[in-house]
Amino acid sequence: MRAILLPILFYSTLYSQINLSGSYVSSFGDSQNDFNYFDNRININGDWNNWSSWIEFEHSNPPELGRINTGLRKIRIDYSTNNITVKLGDLYEFWGNGLVLNMVDDQSIDLDTGIRGGLFSYFSDGFSVEMLVGNQKTWRSTSQAPDFDERIPNYQINNNIYAGKFSFNMNSLVNEFYFMKTEDNHYLPITKKTNQLDHQIYGFNSIFANQIFDINLEYVTSIDSDNAFYLNSNYYLDGLTVGISYKNYLFNQLSPYDRWDFVNNPKGALFIQQMPTVFKSHSSLYLGRITHLIDYNDELGFSIAVEKMMNNNGSFVFYYSQASRHDEWASVRKDNLSLYDWGIVNSTSIMPSSEWMYNPFREYYLEWSGYVDTKLFYQFAYGSNQDVMDIFSSQYSDKGHSYSYEMLQAQTMPIMMSYQLDAKHSISMQFEYQTIKKGMYGFNSALDNSKEVFGSSFEKDSQINRFISIGYSRSPQWSVSINIDNTNTDDVFAIEKGRNNNVIENALHSIINKDFTWSSVDMIYNIYNSTQLTISYGSQRGGVFCSNGICRYVQPFENGFKFGIVAAF
Amino acid sequence: MIKYLFLALFAFLSISYSQKVQLNLKLHRIDGRKISLNQYLSKGPTLINFWATWCGPCKKEMLHLDKLASTYKDDGFSVVSISIDTQRSLSEVKRYVRSKGYKFDVFIDPNQQIFKKLNGNIMPTNILVDTDGTVAWMHYGYMPGDEKNMEQEILQVLK
């Protein structure tokens, strides 16, 4: 550590032409249910003529999500001219739409797909060439490896990656060709052995754009003939925009039982392939909680988005997305024996199926937003979701079809408003209302007069959630808000039962049940323009937290304090 | 470890310097092409705005950024809007900007490399850069009314 820091300090002091800047991010949480964390990160960026460097130190013990890390986290040095770029160290690159590679570092869900290695790129107006070599060592949570914990990932991915890209431009057309070879040092906890598995992927990406429309299509295939296709096209009419997206990802066909087991099924989409989800990323709290979990190995679907401009900078948005798996799986007899195992019994065409056997997902979303005299901002929305999350059993017999599966159906109404009282002061309000019906549907054809039965995942038939947040801000110094999140029932299999209510929840108990209410007061104070302090007191409901189709369970935060500071210097 | 973190922090606070942005910083356009930040700085001061389609305050702020870009365009001022939407939701970026009819140029930074390089941490982050690359002003977050401060800072740089 000393060997790294001292030369930086020496050179930064000695040579004034070295431009140094950095940022510091710290967050601390202390709750009564032992969800405690202390995250610290310092990013240091240096520039000197064509050279630049990036170092990130971390002292997280324990982090809010992820493994304990104290020390150097990331380091990279870059050399860049008008035509050439060379990078050595921790790389975060993306090619095309991410069907080949997309390296991201998303702290909110502890997702890091970066590699440590080298990159060389040459580009001119007409064409560019890029090559990269590196090693990806990253952690994921899985119940298929020992010491499973939703908060602390327990399985390490270790890949060597060699990749190349060639692209050329012709007026409004950009074409890119990709190649990637990976050596997956795959550890199997059952055998306690590491095997090397090779993957090779080839890809093509083409983008055409003009003033009226654009189209982007990308196709990748592996030497095992697994493939993925993505298409996005937008049409720009007078005050109206229409967008269509299509995905068809097929890297591995796995039974419902093995679907999420990447440890014992290493063939399939790589962790470095972070592809478009083709469904909407929501800013709503409740819609974010029920985000569809995308299966990059086996999913096809489409989305249609229509956006119409209204008066006073307002707009109306209609969004529809649908997806499913490629095949229907059912228990089938193996080799004329009495043993049953999962097998493919039907397949869909190039469009997603809406039958439950294909794990369908469907979302409608409507949004109307705008301004009144630039002072009042409003946003009214409605979302309707249906998602068959898991299939537990499916078997055809002479007596019919017996099955059981888990489905979620939800209606959500998020409303946001803010009003500017004068040049500095404003008030804001956010209200969300959601009903969720979630549980297991089952049917046993072997029983006489059998009917489909439903078993709710909640202690009641459906869950009703209400969230309200009222805020006041004084630009540019501070803002304060009070947030109340209430529900009517708990999950049958709630991971944490029992509450440690805070003073706000106790005060509200005469109006709403404090056992099902989580409330907090948040304050933001801008010490300087680029130094922000956040203080929060109260509780935060646990549950699934999603970011762009990847979800993690986050445990509740009960009756505690959170402090955060972000500073750039 | 902690003493090294504080050493690094102390070092930054004790060294007198003016934060600068690399003039040849490469920006990724949505169509896959790259251009240099200097193309904007050679004309005048530039406000770099980081946003995302899932960020409510960012969208509220964009209306004001568009007005500022139009008002001071003749003075050489530009707004460079950089979306940090990941590849997984990137298709929404161009549709959103085109449907709103915003005049400023939009770039993408799905793996947040430019965002981190310019010390962005909170959405939205705004950085006002003078023609020589000096950071004249930087601000985290958006509260209604912040656009007035932003305009004052732009006027200061344009003087």
# chains A, B, ... in the order shown; residues from 1 in each chain; ligands from 1

$ interface_residues --of "chain A" --to "chain B" --cutoff "6 Å" --atoms "only C-alpha atoms" --output "ChimeraX atom specification"
/A:22-23,97,104,241,275-277,282-283,423-424,475-476,529-530

$ select_by_dssp --residues "region 67-111 of chain B" --states "helix (DSSP H, G or I)" --output "CSV table (one decimal) with C-alpha atoms, in the first residue's frame"
chain,number,residue,atom,x,y,z
B,67,LYS,CA,-33.5,25.8,-21.6
B,68,LEU,CA,-30.0,26.8,-20.5
B,69,ALA,CA,-28.4,25.1,-23.5
B,70,SER,CA,-30.7,27.1,-25.8
B,71,THR,CA,-30.3,30.4,-24.0
B,73,LYS,CA,-25.8,28.6,-27.2
B,74,ASP,CA,-24.7,31.8,-29.0
B,75,ASP,CA,-22.1,32.3,-26.3
B,87,GLN,CA,-26.6,-1.9,-21.7
B,88,ARG,CA,-29.7,-3.7,-20.3
B,89,SER,CA,-31.9,-0.5,-20.6
B,91,SER,CA,-32.6,1.5,-25.8
B,92,GLU,CA,-34.8,3.7,-23.6
B,93,VAL,CA,-32.2,6.5,-23.7
B,94,LYS,CA,-32.4,7.6,-27.3
B,95,ARG,CA,-36.2,7.2,-27.3
B,96,TYR,CA,-36.6,9.3,-24.2
B,97,VAL,CA,-34.4,12.1,-25.4
B,98,ARG,CA,-35.8,12.2,-28.9
B,99,SER,CA,-39.4,12.1,-27.7
B,100,LYS,CA,-38.8,15.1,-25.4

$ closest_residue --among "A:Thr142, A:Phe545, A:Asn82, A:Thr348" --to "Asn38 (chain B)" --atoms "only C-alpha atoms"
A:Asn82

$ residues_around --residues "region 294-311 of chain A" --least-positions-apart "3" --cutoff "6 Å" --atoms "only C-alpha atoms" --output "ChimeraX atom specification"
/A:239-252,268-269,314-325,352,549

$ select_by_dssp --residues "region 6-83 of chain B" --states "strand (DSSP E or B)" --output "PyMOL selection string"
chain B and resi 20+26-29+34-36+46-51+78-83

$ atom_distance --atom1 "CA of Ser479 (chain A)" --atom2 "CA of Glu367 (chain A)"
26.4 Å
